[in-house]
$ cat model.tsv   # TSV, C-alpha atoms
chain	number	residue	atom	x	y	z
Q	1	MET	CA	109.84	118.78	77.95
Q	2	LYS	CA	111.35	120.84	80.77
Q	3	ILE	CA	110.86	119.44	84.24
Q	4	GLY	CA	111.72	120.29	87.83
Q	5	ILE	CA	112.71	117.84	90.56
Q	6	ILE	CA	111.85	118.70	94.16
Q	7	GLY	CA	113.77	116.57	96.65
Q	8	LEU	CA	117.22	115.10	96.04
Q	9	GLY	CA	117.31	112.39	98.66
Q	10	THR	CA	118.08	108.80	97.72
Q	11	VAL	CA	115.35	108.55	95.06
Q	12	GLY	CA	115.62	112.14	93.84
Q	13	GLU	CA	119.35	111.85	93.26
Q	14	GLY	CA	118.70	108.56	91.48
Q	15	VAL	CA	116.17	110.16	89.15
Q	16	LEU	CA	118.54	113.00	88.31
Q	17	LYS	CA	121.31	110.46	87.68
Q	18	VAL	CA	119.18	108.36	85.32
Q	19	LEU	CA	117.93	111.40	83.40
Q	20	THR	CA	121.50	112.68	83.07
Q	21	LYS	CA	123.23	109.45	82.11
Q	22	GLU	CA	120.45	107.99	79.98
Q	23	LYS	CA	119.21	111.16	78.28
Q	24	HIS	CA	120.17	110.06	74.75
Q	25	SER	CA	119.11	106.45	75.29
Q	26	ILE	CA	115.68	107.56	76.53
Q	27	PHE	CA	115.28	109.83	73.51
Q	28	GLU	CA	116.23	107.07	71.08
Q	29	LYS	CA	113.70	104.69	72.62
Q	30	SER	CA	110.80	107.07	73.14
Q	31	GLN	CA	111.53	110.37	71.35
Q	32	ALA	CA	111.04	112.02	74.74
Q	33	ASP	CA	113.43	114.94	75.12
Q	34	ILE	CA	113.58	115.45	78.89
Q	35	GLU	CA	115.46	118.48	80.25
Q	36	VAL	CA	115.85	118.98	83.99
Q	37	LYS	CA	115.68	122.75	84.27
Q	38	TYR	CA	115.90	122.83	88.06
Q	39	ALA	CA	116.61	120.31	90.83
Q	40	CYS	CA	115.67	121.53	94.30
Q	41	ASP	CA	116.98	120.43	97.68
Q	42	LEU	CA	117.73	122.04	101.03
Q	43	ASN	CA	121.37	120.95	100.78
Q	44	ILE	CA	122.72	121.74	97.31
Q	45	THR	CA	126.38	122.09	98.31
Q	46	ARG	CA	126.82	118.41	99.20
Q	47	ASP	CA	128.64	115.84	97.11
Q	48	PHE	CA	126.71	113.80	94.55
Q	49	SER	CA	127.47	110.32	93.26
Q	50	PHE	CA	127.79	111.44	89.61
Q	51	GLU	CA	128.74	114.45	87.51
Q	52	PHE	CA	126.15	116.89	86.17
Q	53	ASP	CA	125.63	120.59	85.54
Q	54	LYS	CA	125.40	122.03	89.08
Q	55	SER	CA	123.85	125.26	87.80
Q	56	ILE	CA	120.44	123.53	87.84
Q	57	LEU	CA	120.55	123.20	91.65
Q	58	ILE	CA	118.27	125.48	93.66
Q	59	ASP	CA	117.02	125.51	97.26
Q	60	ASP	CA	113.65	127.21	96.73
Q	61	TYR	CA	110.97	124.92	95.27
Q	62	LYS	CA	108.73	127.89	94.46
Q	63	LYS	CA	111.06	128.76	91.59
Q	64	ILE	CA	109.97	125.51	89.92
Q	65	LEU	CA	106.28	126.09	90.55
Q	66	GLU	CA	106.44	129.63	89.18
Q	67	ASP	CA	108.40	128.78	86.01
Q	68	SER	CA	106.03	128.67	83.04
Q	69	GLU	CA	108.51	126.65	80.95
Q	70	ILE	CA	108.37	123.73	83.38
Q	71	LYS	CA	105.50	121.42	82.47
Q	72	LEU	CA	106.14	118.58	84.92
Q	73	VAL	CA	107.11	118.51	88.59
Q	74	VAL	CA	108.71	115.45	90.21
Q	75	GLU	CA	107.82	115.48	93.91
Q	76	LEU	CA	110.22	113.37	95.96
Q	77	ILE	CA	110.39	115.05	99.36
Q	78	GLY	CA	107.99	112.59	101.02
Q	79	GLY	CA	105.67	113.35	103.91
Q	80	GLU	CA	102.07	114.47	103.76
Q	81	THR	CA	102.02	118.20	104.46
Q	82	LEU	CA	104.47	120.20	102.35
Q	83	ALA	CA	104.45	117.54	99.64
Q	84	LYS	CA	100.67	117.78	99.35
Q	85	ASP	CA	100.83	121.59	99.14
Q	86	ILE	CA	103.50	121.42	96.44
Q	87	ILE	CA	101.50	118.96	94.36
Q	88	ILE	CA	98.31	121.02	94.59
Q	89	GLN	CA	100.20	124.20	93.65
Q	90	ALA	CA	101.73	122.39	90.70
Q	91	PHE	CA	98.31	121.22	89.48
Q	92	LYS	CA	96.86	124.71	89.77
Q	93	SER	CA	99.84	126.00	87.77
Q	94	LYS	CA	98.85	123.50	85.03
Q	95	LYS	CA	101.85	121.28	85.67
Q	96	SER	CA	101.68	117.49	85.69
Q	97	VAL	CA	103.19	115.64	88.66
Q	98	VAL	CA	105.09	112.39	89.14
Q	99	THR	CA	105.60	111.14	92.69
Q	100	ALA	CA	106.76	108.13	94.69
Q	101	ASN	CA	104.79	109.27	97.75
Q	102	LYS	CA	102.71	106.23	98.71
Q	103	ALA	CA	101.36	107.67	101.99
Q	104	LEU	CA	100.04	110.73	100.21
Q	105	ILE	CA	98.32	108.68	97.49
Q	106	ALA	CA	96.78	106.23	99.97
Q	107	LYS	CA	95.44	108.93	102.30
Q	108	HIS	CA	94.70	111.86	99.99
Q	109	GLY	CA	94.53	110.30	96.53
Q	110	VAL	CA	90.85	111.04	95.88
Q	111	GLU	CA	91.33	114.76	96.61
Q	112	LEU	CA	94.54	115.05	94.58
Q	113	PHE	CA	93.17	113.16	91.59
Q	114	GLN	CA	90.14	115.46	91.51
Q	115	ILE	CA	92.32	118.59	91.49
Q	116	ALA	CA	94.47	117.11	88.72
Q	117	LYS	CA	91.36	116.40	86.66
Q	118	GLU	CA	90.00	119.91	87.18
Q	119	ASN	CA	93.26	121.36	85.85
Q	120	GLY	CA	93.66	118.94	82.94
Q	121	VAL	CA	97.03	117.58	84.06
Q	122	SER	CA	98.51	114.15	84.73
Q	123	PHE	CA	99.38	112.60	88.07
Q	124	LEU	CA	101.40	109.37	87.93
Q	125	PHE	CA	102.86	107.31	90.76
Q	126	GLU	CA	104.29	103.99	89.55
Q	127	ALA	CA	107.20	104.25	92.00
Q	128	ALA	CA	104.83	104.55	94.97
Q	129	VAL	CA	104.11	100.81	94.85
Q	130	GLY	CA	106.85	98.22	94.56
Q	131	GLY	CA	109.76	100.56	93.81
Q	132	GLY	CA	111.28	99.24	90.60
Q	133	ILE	CA	108.58	96.60	90.07
Q	134	PRO	CA	106.19	97.75	87.34
Q	135	ILE	CA	102.74	97.04	88.79
Q	136	VAL	CA	100.51	100.12	88.50
Q	137	THR	CA	100.86	100.36	84.71
Q	138	PRO	CA	100.33	96.62	84.08
Q	139	LEU	CA	97.36	96.63	86.45
Q	140	MET	CA	95.67	99.54	84.65
Q	141	GLU	CA	96.72	98.79	81.07
Q	142	SER	CA	97.99	95.25	80.46
Q	143	LEU	CA	95.29	93.70	82.66
Q	144	VAL	CA	92.51	96.08	81.56
Q	145	ALA	CA	90.44	93.22	80.09
Q	146	ASN	CA	90.38	91.47	83.46
Q	147	THR	CA	88.41	91.84	86.62
Q	148	VAL	CA	91.23	91.61	89.13
Q	149	THR	CA	89.67	89.87	92.12
Q	150	GLU	CA	92.70	89.34	94.34
Q	151	ILE	CA	96.02	91.05	95.00
Q	152	LYS	CA	98.50	89.82	97.57
Q	153	GLY	CA	102.18	90.03	98.10
Q	154	ILE	CA	105.30	90.97	99.97
Q	155	MET	CA	105.38	94.73	99.60
Q	156	ASN	CA	108.00	95.85	102.11
Q	157	GLY	CA	111.64	94.92	101.68
Q	158	THR	CA	112.76	95.87	105.20
Q	159	SER	CA	110.33	93.57	107.00
Q	160	ASN	CA	111.04	90.78	104.51
Q	161	TYR	CA	114.78	91.12	105.11
Q	162	ILE	CA	114.25	90.94	108.88
Q	163	LEU	CA	112.08	87.82	108.64
Q	164	THR	CA	114.60	86.21	106.28
Q	165	LYS	CA	117.45	86.86	108.72
Q	166	MET	CA	115.39	85.55	111.65
Q	167	LYS	CA	114.78	82.32	109.75
Q	168	GLU	CA	118.21	81.76	108.22
Q	169	GLU	CA	120.34	82.78	111.21
Q	170	ASN	CA	118.00	82.01	114.12
Q	171	LEU	CA	117.98	85.65	115.21
Q	172	SER	CA	115.54	87.56	117.38
Q	173	PHE	CA	113.52	90.39	115.87
Q	174	ASP	CA	115.73	93.00	117.54
Q	175	GLU	CA	118.94	91.33	116.32
Q	176	ALA	CA	117.67	91.13	112.74
Q	177	LEU	CA	116.46	94.73	112.86
Q	178	SER	CA	119.91	95.87	113.99
Q	179	ILE	CA	121.51	94.17	110.98
Q	180	ALA	CA	118.93	95.72	108.65
Q	181	SER	CA	119.68	99.15	110.11
Q	182	ALA	CA	123.45	98.65	109.76
Q	183	LYS	CA	123.02	97.75	106.09
Q	184	GLY	CA	120.81	100.77	105.44
Q	185	TYR	CA	117.67	98.70	104.83
Q	186	ALA	CA	115.83	100.12	107.85
Q	187	GLU	CA	115.14	103.76	108.67
Q	188	ALA	CA	116.22	105.28	111.98
Q	189	ASP	CA	112.54	104.97	112.90
Q	190	PRO	CA	111.43	101.67	111.31
Q	191	THR	CA	107.79	101.99	112.39
Q	192	TYR	CA	106.27	102.28	108.91
Q	193	ASP	CA	108.17	99.21	107.73
Q	194	VAL	CA	107.92	96.78	110.63
Q	195	ASP	CA	104.39	97.73	111.71
Q	196	GLY	CA	102.91	97.13	108.23
Q	197	ILE	CA	102.02	100.75	107.48
Q	198	ASP	CA	104.20	101.05	104.37
Q	199	ALA	CA	102.74	97.83	102.92
Q	200	GLY	CA	99.30	99.12	103.90
Q	201	HIS	CA	99.74	102.24	101.79
Q	202	LYS	CA	100.72	100.09	98.82
Q	203	ILE	CA	97.87	97.57	98.98
Q	204	ASN	CA	95.45	100.46	99.49
Q	205	ILE	CA	96.60	102.04	96.22
Q	206	LEU	CA	96.51	98.79	94.24
Q	207	ALA	CA	93.12	97.68	95.56
Q	208	SER	CA	91.58	101.11	94.95
Q	209	LEU	CA	92.79	101.05	91.35
Q	210	ALA	CA	91.86	97.42	90.70
Q	211	TYR	CA	88.38	97.63	92.20
Q	212	GLY	CA	87.47	100.99	90.69
Q	213	GLY	CA	86.73	102.79	93.93
Q	214	SER	CA	88.35	104.38	96.94
Q	215	ILE	CA	89.31	102.61	100.17
Q	216	LYS	CA	89.71	104.55	103.39
Q	217	PHE	CA	93.17	103.85	104.75
Q	218	LYS	CA	92.12	104.48	108.34
Q	219	ASP	CA	89.62	101.59	108.16
Q	220	MET	CA	92.19	99.00	107.08
Q	221	GLN	CA	93.35	96.18	109.34
Q	222	ILE	CA	97.12	96.41	109.68
Q	223	SER	CA	99.59	94.58	111.91
Q	224	GLY	CA	103.34	94.13	111.77
Q	225	ILE	CA	106.12	91.74	112.69
Q	226	ARG	CA	107.40	92.99	116.07
Q	227	GLU	CA	105.76	90.12	117.99
Q	228	ILE	CA	107.26	87.36	115.84
Q	229	ASN	CA	109.95	85.44	117.74
Q	230	THR	CA	112.30	82.53	117.12
Q	231	LEU	CA	109.75	80.08	118.49
Q	232	ASP	CA	107.28	81.11	115.78
Q	233	ILE	CA	109.95	80.84	113.08
Q	234	PHE	CA	110.82	77.34	114.34
Q	235	SER	CA	107.16	76.27	114.46
Q	236	ALA	CA	106.53	77.52	110.92
Q	237	ASN	CA	109.55	75.56	109.72
Q	238	GLN	CA	108.14	72.43	111.40
Q	239	LEU	CA	105.00	72.97	109.30
Q	240	ASN	CA	107.09	73.21	106.10
Q	241	SER	CA	106.12	76.86	106.00
Q	242	THR	CA	107.56	80.36	106.35
Q	243	ILE	CA	106.40	83.55	108.06
Q	244	LYS	CA	105.95	86.50	105.70
Q	245	LEU	CA	104.35	89.93	106.06
Q	246	ILE	CA	101.57	89.72	103.47
Q	247	ALA	CA	99.49	92.61	102.17
Q	248	SER	CA	96.34	91.25	100.58
Q	249	SER	CA	93.00	92.27	99.15
Q	250	LYS	CA	90.10	90.18	97.90
Q	251	LEU	CA	87.06	91.55	96.11
Q	252	VAL	CA	83.97	90.08	97.80
Q	253	SER	CA	81.27	92.06	96.01
Q	254	ASP	CA	81.09	95.03	93.70
Q	255	ASP	CA	81.52	97.43	96.62
Q	256	SER	CA	83.18	95.39	99.36
Q	257	ALA	CA	86.53	93.74	99.89
Q	258	GLN	CA	88.74	92.10	102.47
Q	259	ILE	CA	91.97	94.07	102.76
Q	260	SER	CA	94.70	93.64	105.33
Q	261	VAL	CA	98.39	93.60	106.14
Q	262	GLU	CA	99.53	90.91	108.57
Q	263	PRO	CA	102.26	88.35	109.20
Q	264	VAL	CA	101.07	84.95	108.03
Q	265	ILE	CA	102.38	81.40	107.99
Q	266	ILE	CA	102.60	80.49	104.32
Q	267	SER	CA	103.33	77.05	102.87
Q	268	ASN	CA	106.77	76.64	101.31
Q	269	ASN	CA	104.95	75.36	98.22
Q	270	GLU	CA	103.66	78.90	97.62
Q	271	ILE	CA	105.89	81.10	95.48
Q	272	LEU	CA	105.66	84.03	97.93
Q	273	ALA	CA	107.35	81.84	100.57
Q	274	LYS	CA	110.46	81.78	98.36
Q	275	VAL	CA	110.77	85.59	98.13
Q	276	ASP	CA	113.58	86.54	100.50
Q	277	ASP	CA	115.77	89.43	101.65
Q	278	VAL	CA	114.79	92.88	100.35
Q	279	TYR	CA	112.89	91.54	97.36
Q	280	ASN	CA	109.18	92.15	96.85
Q	281	ALA	CA	106.63	90.12	94.93
Q	282	ILE	CA	103.04	91.01	94.04
Q	283	GLU	CA	100.56	88.43	92.78
Q	284	THR	CA	97.32	89.31	91.02
Q	285	ILE	CA	94.43	87.05	90.05
Q	286	GLY	CA	92.58	88.17	86.93
Q	287	SER	CA	89.38	86.82	85.45
Q	288	TYR	CA	91.20	85.88	82.22
Q	289	THR	CA	94.90	85.79	83.08
Q	290	GLY	CA	94.60	83.80	86.29
Q	291	ARG	CA	97.66	84.26	88.49
Q	292	THR	CA	100.29	86.80	87.45
Q	293	LEU	CA	103.42	87.55	89.46
Q	294	PHE	CA	105.52	90.71	89.57
Q	295	TYR	CA	108.90	90.30	91.28
Q	296	GLY	CA	111.89	92.52	91.94
Q	297	LYS	CA	113.55	94.98	94.28
Q	298	GLY	CA	110.91	97.06	95.99
Q	299	ALA	CA	113.13	99.92	97.08
Q	300	GLY	CA	116.52	101.56	96.61
Q	301	MET	CA	117.89	104.42	94.55
Q	302	ASP	CA	118.15	102.84	91.12
Q	303	PRO	CA	115.03	100.61	91.01
Q	304	THR	CA	112.73	103.37	92.30
Q	305	ALA	CA	114.34	105.99	90.05
Q	306	SER	CA	113.66	103.71	87.08
Q	307	ALA	CA	109.93	103.71	87.88
Q	308	VAL	CA	109.85	107.50	88.33
Q	309	VAL	CA	111.59	108.08	85.00
Q	310	ALA	CA	109.13	105.73	83.27
Q	311	ASP	CA	106.26	107.94	84.45
Q	312	ILE	CA	108.10	111.08	83.31
Q	313	VAL	CA	108.56	109.61	79.83
Q	314	LYS	CA	104.93	108.47	79.77
Q	315	ILE	CA	103.70	112.00	80.37
Q	316	ALA	CA	106.21	113.51	77.95
Q	317	THR	CA	105.06	111.19	75.16
Q	318	ARG	CA	101.39	111.33	76.20
Q	319	ASN	CA	100.70	107.68	75.54
Q	320	HIS	CA	99.02	106.79	78.81
Q	321	ILE	CA	95.32	106.33	79.63
Q	322	GLU	CA	95.04	109.41	81.78
Q	323	SER	CA	91.70	109.02	83.54
Q	324	ASP	CA	92.17	105.33	84.35
Q	325	TYR	CA	94.91	106.05	86.87
Q	326	PHE	CA	92.56	107.96	89.15
Q	327	PHE	CA	90.62	106.49	92.06
Q	328	ASN	CA	86.85	106.59	91.50
Q	329	SER	CA	85.81	109.10	94.15
Q	330	THR	CA	82.08	108.36	93.68
Q	331	LYS	CA	82.44	104.69	94.67
Q	332	ILE	CA	83.49	103.66	98.18
Q	333	ILE	CA	84.83	100.14	98.65
Q	334	ASN	CA	83.73	98.97	102.09
Q	335	ILE	CA	86.17	96.87	104.08
Q	336	ILE	CA	84.88	93.59	105.46
Q	337	ASP	CA	86.11	92.71	108.95
Q	338	SER	CA	88.63	89.94	108.22
Q	339	ASN	CA	88.68	89.04	111.91
Q	340	ALA	CA	85.10	87.76	111.58
Q	341	VAL	CA	85.91	85.48	108.62
Q	342	LYS	CA	86.55	81.81	109.38
Q	343	ASP	CA	90.03	80.61	108.42
Q	344	ASN	CA	92.93	78.45	109.61
Q	345	TYR	CA	95.23	79.81	112.32
Q	346	TYR	CA	98.45	79.19	114.19
Q	347	ILE	CA	98.26	80.09	117.88
Q	348	ARG	CA	101.12	80.54	120.34
Q	349	VAL	CA	99.75	81.02	123.83
Q	350	SER	CA	101.38	81.01	127.27
Q	351	ASN	CA	100.79	77.87	129.32
Q	352	ASP	CA	98.61	79.68	131.86
Q	353	PHE	CA	95.87	79.25	129.24
Q	354	ASN	CA	93.28	76.67	130.30
Q	355	ILE	CA	93.26	74.46	127.23
Q	356	GLU	CA	90.52	72.22	128.68
Q	357	LYS	CA	87.99	75.05	128.54
Q	358	SER	CA	88.57	75.58	124.84
Q	359	PRO	CA	87.87	73.57	121.67
Q	360	PHE	CA	91.60	73.53	120.84
Q	361	GLU	CA	94.09	70.67	120.84
Q	362	ILE	CA	97.79	71.15	121.58
Q	363	TYR	CA	99.96	70.63	118.51
Q	364	ASN	CA	103.21	71.19	120.39
Q	365	LYS	CA	104.55	72.52	123.66
Q	366	ILE	CA	107.76	74.54	123.58
Q	367	ASP	CA	109.22	76.22	126.66
Q	368	ASN	CA	106.29	77.90	128.41
Q	369	PHE	CA	104.00	78.01	125.40
Q	370	PHE	CA	101.33	75.88	123.79
Q	371	ILE	CA	101.33	75.73	119.98
Q	372	ILE	CA	97.84	75.25	118.58
Q	373	LEU	CA	96.60	74.80	115.01
Q	374	ALA	CA	92.97	75.87	114.69
Q	375	GLU	CA	90.82	75.27	111.62
Q	376	ASN	CA	87.63	76.89	110.34
Q	377	ILE	CA	87.42	79.52	113.05
Q	378	SER	CA	87.51	83.32	113.10
Q	379	ARG	CA	90.15	85.44	114.79
Q	380	ASN	CA	87.41	87.06	116.87
Q	381	GLU	CA	86.39	83.65	118.22
Q	382	ILE	CA	90.01	82.77	118.98
Q	383	ASN	CA	90.61	86.05	120.80
Q	384	GLU	CA	87.54	85.43	122.95
Q	385	TYR	CA	88.94	82.08	124.08
Q	386	LEU	CA	92.39	83.56	124.68
Q	387	LYS	CA	91.27	86.77	126.39
Q	388	ASP	CA	92.69	85.82	129.80
Q	389	ALA	CA	96.00	84.38	128.57
Q	390	GLN	CA	99.09	86.35	129.61
Q	391	GLU	CA	100.77	86.15	126.22
Q	392	LYS	CA	99.45	85.15	122.82
Q	393	LEU	CA	100.07	85.42	119.09
Q	394	VAL	CA	97.61	84.48	116.35
Q	395	LEU	CA	98.75	84.08	112.74
Q	396	LYS	CA	96.69	83.12	109.70
Q	397	ILE	CA	97.87	79.98	107.86
Q	398	ILE	CA	97.98	80.00	104.05
Q	399	LYS	CA	98.35	76.46	102.73
$ encode --input "model.tsv" --output "structure tokens"
Amino acid sequence: MKIGIIGLGTVGEGVLKVLTKEKHSIFEKSQADIEVKYACDLNITRDFSFEFDKSILIDDYKKILEDSEIKLVVELIGGETLAKDIIIQAFKSKKSVVTANKALIAKHGVELFQIAKENGVSFLFEAAVGGGIPIVTPLMESLVANTVTEIKGIMNGTSNYILTKMKEENLSFDEALSIASAKGYAEADPTYDVDGIDAGHKINILASLAYGGSIKFKDMQISGIREINTLDIFSANQLNSTIKLIASSKLVSDDSAQISVEPVIISNNEILAKVDDVYNAIETIGSYTGRTLFYGKGAGMDPTASAVVADIVKIATRNHIESDYFFNSTKIINIIDSNAVKDNYYIRVSNDFNIEKSPFEIYNKIDNFFIILAENISRNEINEYLKDAQEKLVLKIIK
């Protein structure tokens, strides 16, 4: 099969490298004969990290879309505008598409899947969730006998690295972010990572697939880790717990679910508490399997390229369940307001808060803050009590 790659950034270069170096190995294992006819990028004169035939390099993606010999397009430019246009043009040209574009799938998946169906082509996206961790394929194939009722995990390596550094080296958020940036783990603009948006895209995709419907990304409850400070890290440690950014979904009824991304205080007895640095872990609960854990590096050139190449081979050998990878556009999964659900919470509130006019008891007092542990109460109720406090942070506790 002849393919075209559009975008030779970190992941795109990785895909080209794997397909070049492992061409014979892939063929021996799968009988898939993959030929990269063109690889497109705006900068094709730069140096690459490996040797390959430079004659395949082009700087006009339309050449790939217009080539009738190319049956599969690998979209790796990212973003939501040009990438979406390229994918739609590829579908209408009867070309299958493989992407790692999580934002595009989460926000426009229903529309794109429908166009793919209408044109009888495949659209796969294993690398969009968890990088090198295989999760989409196991969820849709290996766990097909199960009703998957819960999915939760650490789905962003940058935020997990920052929280790990804050805990291990007693650093502030800004100090840990600076180290992450210096090591190349954080983008110049880390908003998507530290504000929970990246993890939100991923849990949206997994929950939509698992629950057989579509979930509107704009309705999801998402918060990040910017407000976590050393006092919170210390308090969590006192509780034999750790703070992690957890993306989670729980099926409540056939057409409703709780779905959120938020920093939580999680017991050190839980396996997710032990997932550190840039590693990701995703836990599913199936009706027959019970708990299943998927663990590995959630980003980076080689792990993500591995997932992209797996999808390319899957399409080339045609041994995937095509329709089962699409969101069900006729079924909307409604999001339940998690803030109205009673749970257990950690509260850090400035000492101007009048504790006597609340039902809370002080667990600890550190500097100018009260630390409170509240049980069987909703976040909405807590926020009502704390509405006049100058500074506050509320984190769910997972025991």
$ closest_residue --input "model.tsv" --among "Q:Asn351, Q:Ser208, Q:Ser306, Q:Asn269" --to "Leu16 in chain Q" --atoms "all atoms listed in the file"
Q:Ser306
$ atom_distance --input "model.tsv" --atom1 "CA of Ser178 in chain Q" --atom2 "CA of Ile266 in chain Q"
25.1 Å
$ residues_around --input "model.tsv" --residues "Leu57 in chain Q" --least-positions-apart "2" --cutoff "12 Å" --atoms "all atoms listed in the file" --output "PyMOL selection string"
chain Q and resi 4-8+13+16+36-46+48+52-55+59-61+63-64
$ closest_atom_pairs --input "model.tsv" --of "range 88-109 of chain Q" --to "range 65-81 of chain Q" --cutoff "6 Å" --atoms "only C-alpha atoms" --output "Markdown table"
| residue | atom | partner | partner_atom | distance |
| --- | --- | --- | --- | --- |
| Q:Ala90 | CA | Q:Leu65 | CA | 5.9 |
| Q:Lys95 | CA | Q:Lys71 | CA | 4.9 |
| Q:Ser96 | CA | Q:Leu72 | CA | 4.7 |
| Q:Val97 | CA | Q:Val73 | CA | 4.9 |
| Q:Val98 | CA | Q:Val74 | CA | 4.9 |
| Q:Thr99 | CA | Q:Glu75 | CA | 5.0 |
| Q:Asn101 | CA | Q:Gly78 | CA | 5.7 |
| Q:Leu104 | CA | Q:Glu80 | CA | 5.5 |
$ write_last_selection --input "model.tsv" --atoms "C-alpha atoms" --output "short mmCIF file (atom, residue, chain, number, x, y, z; two decimals), in the coordinates of the input"
data_model
loop_
_atom_site.label_atom_id
_atom_site.label_comp_id
_atom_site.auth_asym_id
_atom_site.auth_seq_id
_atom_site.Cartn_x
_atom_site.Cartn_y
_atom_site.Cartn_z
CA ALA Q 90 101.73 122.39 90.70
CA LYS Q 95 101.85 121.28 85.67
CA SER Q 96 101.68 117.49 85.69
CA VAL Q 97 103.19 115.64 88.66
CA VAL Q 98 105.09 112.39 89.14
CA THR Q 99 105.60 111.14 92.69
CA ASN Q 101 104.79 109.27 97.75
CA LEU Q 104 100.04 110.73 100.21
#
$ closest_residue --input "model.tsv" --among "Q:Asn204, Q:Thr289, Q:Asn156, Q:Asn364" --to "Pro190 in chain Q" --atoms "all atoms listed in the file"
Q:Asn156
$ residues_around --input "model.tsv" --residues "range 191-194 of chain Q" --least-positions-apart "6" --cutoff "8 Å" --atoms "only C-alpha atoms" --output "PyMOL selection string"
chain Q and resi 156+158-159+224-226
$ closest_residue --input "model.tsv" --among "Q:Asn170, Q:Ser214, Q:Ser287, Q:Asn240" --to "Glu111 in chain Q" --atoms "only C-alpha atoms"
Q:Ser214
$ residues_around --input "model.tsv" --residues "range 379-396 of chain Q" --least-positions-apart "5" --cutoff "10 Å" --atoms "all atoms listed in the file" --output "VMD selection string"
chain Q and resid 227 to 229 232 243 262 to 266 337 to 355 357 to 360 369 to 374
$ residues_around --input "model.tsv" --residues "Lys314 in chain Q" --least-positions-apart "3" --cutoff "12 Å" --atoms "all atoms listed in the file" --output "list in words"
Met1, Ile26, Lys29, Ser30, Gln31, Ala32, Asp33, Ile34, Leu72, Ser96, Val97, Val98, Ser122, Phe123, Leu124, Phe125, Glu126, Thr137, Ala307, Val308, Val309, Ala310, Asp311, Thr317, Arg318, Asn319, His320, Ile321 and Glu322 of chain Q
$ closest_atom_pairs --input "model.tsv" --of "range 104-168 of chain Q" --to "range 195-203 of chain Q" --cutoff "8 Å" --atoms "only C-alpha atoms" --output "tab-separated table"
residue	atom	partner	partner_atom	distance
Q:Ile105	CA	Q:His201	CA	7.9
Q:Ala106	CA	Q:His201	CA	5.3
Q:Lys107	CA	Q:His201	CA	8.0
Q:Ala128	CA	Q:Lys202	CA	7.2
Q:Val129	CA	Q:Lys202	CA	5.3
Q:Gly130	CA	Q:Lys202	CA	7.7
Q:Ile151	CA	Q:Ile203	CA	7.9
Q:Lys152	CA	Q:Ile203	CA	7.9
Q:Ile154	CA	Q:Ala199	CA	7.9
Q:Met155	CA	Q:Ala199	CA	5.3
Q:Asn156	CA	Q:Ala199	CA	5.7
$ closest_residue --input "model.tsv" --among "Q:Ile332, Q:Ala207, Q:Ile271, Q:Ala299" --to "Lys399 in chain Q" --atoms "all atoms listed in the file"
Q:Ile271
$ residues_near_point --input "model.tsv" --point "(87.9, 102.0, 97.9)" --cutoff "10 Å" --atoms "all atoms listed in the file" --output "list in words"
Val110, Asn204, Ile205, Leu206, Ala207, Ser208, Leu209, Ala210, Tyr211, Gly212, Gly213, Ser214, Ile215, Lys216, Phe217, Asp255, Ser256, Ala257, Phe327, Asn328, Ser329, Thr330, Lys331, Ile332, Ile333, Asn334 and Ile335 of chain Q
$ write_last_selection --input "model.tsv" --atoms "C-alpha atoms" --output "PDB file, in the frame of the given file"
ATOM      1  CA  VAL Q 110      90.850 111.040  95.880  1.00  0.00           C
ATOM      2  CA  ASN Q 204      95.450 100.460  99.490  1.00  0.00           C
ATOM      3  CA  ILE Q 205      96.600 102.040  96.220  1.00  0.00           C
ATOM      4  CA  LEU Q 206      96.510  98.790  94.240  1.00  0.00           C
ATOM      5  CA  ALA Q 207      93.120  97.680  95.560  1.00  0.00           C
ATOM      6  CA  SER Q 208      91.580 101.110  94.950  1.00  0.00           C
ATOM      7  CA  LEU Q 209      92.790 101.050  91.350  1.00  0.00           C
ATOM      8  CA  ALA Q 210      91.860  97.420  90.700  1.00  0.00           C
ATOM      9  CA  TYR Q 211      88.380  97.630  92.200  1.00  0.00           C
ATOM     10  CA  GLY Q 212      87.470 100.990  90.690  1.00  0.00           C
ATOM     11  CA  GLY Q 213      86.730 102.790  93.930  1.00  0.00           C
ATOM     12  CA  SER Q 214      88.350 104.380  96.940  1.00  0.00           C
ATOM     13  CA  ILE Q 215      89.310 102.610 100.170  1.00  0.00           C
ATOM     14  CA  LYS Q 216      89.710 104.550 103.390  1.00  0.00           C
ATOM     15  CA  PHE Q 217      93.170 103.850 104.750  1.00  0.00           C
ATOM     16  CA  ASP Q 255      81.520  97.430  96.620  1.00  0.00           C
ATOM     17  CA  SER Q 256      83.180  95.390  99.360  1.00  0.00           C
ATOM     18  CA  ALA Q 257      86.530  93.740  99.890  1.00  0.00           C
ATOM     19  CA  PHE Q 327      90.620 106.490  92.060  1.00  0.00           C
ATOM     20  CA  ASN Q 328      86.850 106.590  91.500  1.00  0.00           C
ATOM     21  CA  SER Q 329      85.810 109.100  94.150  1.00  0.00           C
ATOM     22  CA  THR Q 330      82.080 108.360  93.680  1.00  0.00           C
ATOM     23  CA  LYS Q 331      82.440 104.690  94.670  1.00  0.00           C
ATOM     24  CA  ILE Q 332      83.490 103.660  98.180  1.00  0.00           C
ATOM     25  CA  ILE Q 333      84.830 100.140  98.650  1.00  0.00           C
ATOM     26  CA  ASN Q 334      83.730  98.970 102.090  1.00  0.00           C
ATOM     27  CA  ILE Q 335      86.170  96.870 104.080  1.00  0.00           C
TER      28      ILE Q 335
END
$ residues_around --input "model.tsv" --residues "Gly14 in chain Q" --least-positions-apart "5" --cutoff "9 Å" --atoms "only C-alpha atoms" --output "PyMOL selection string"
chain Q and resi 8-9+19+300-306
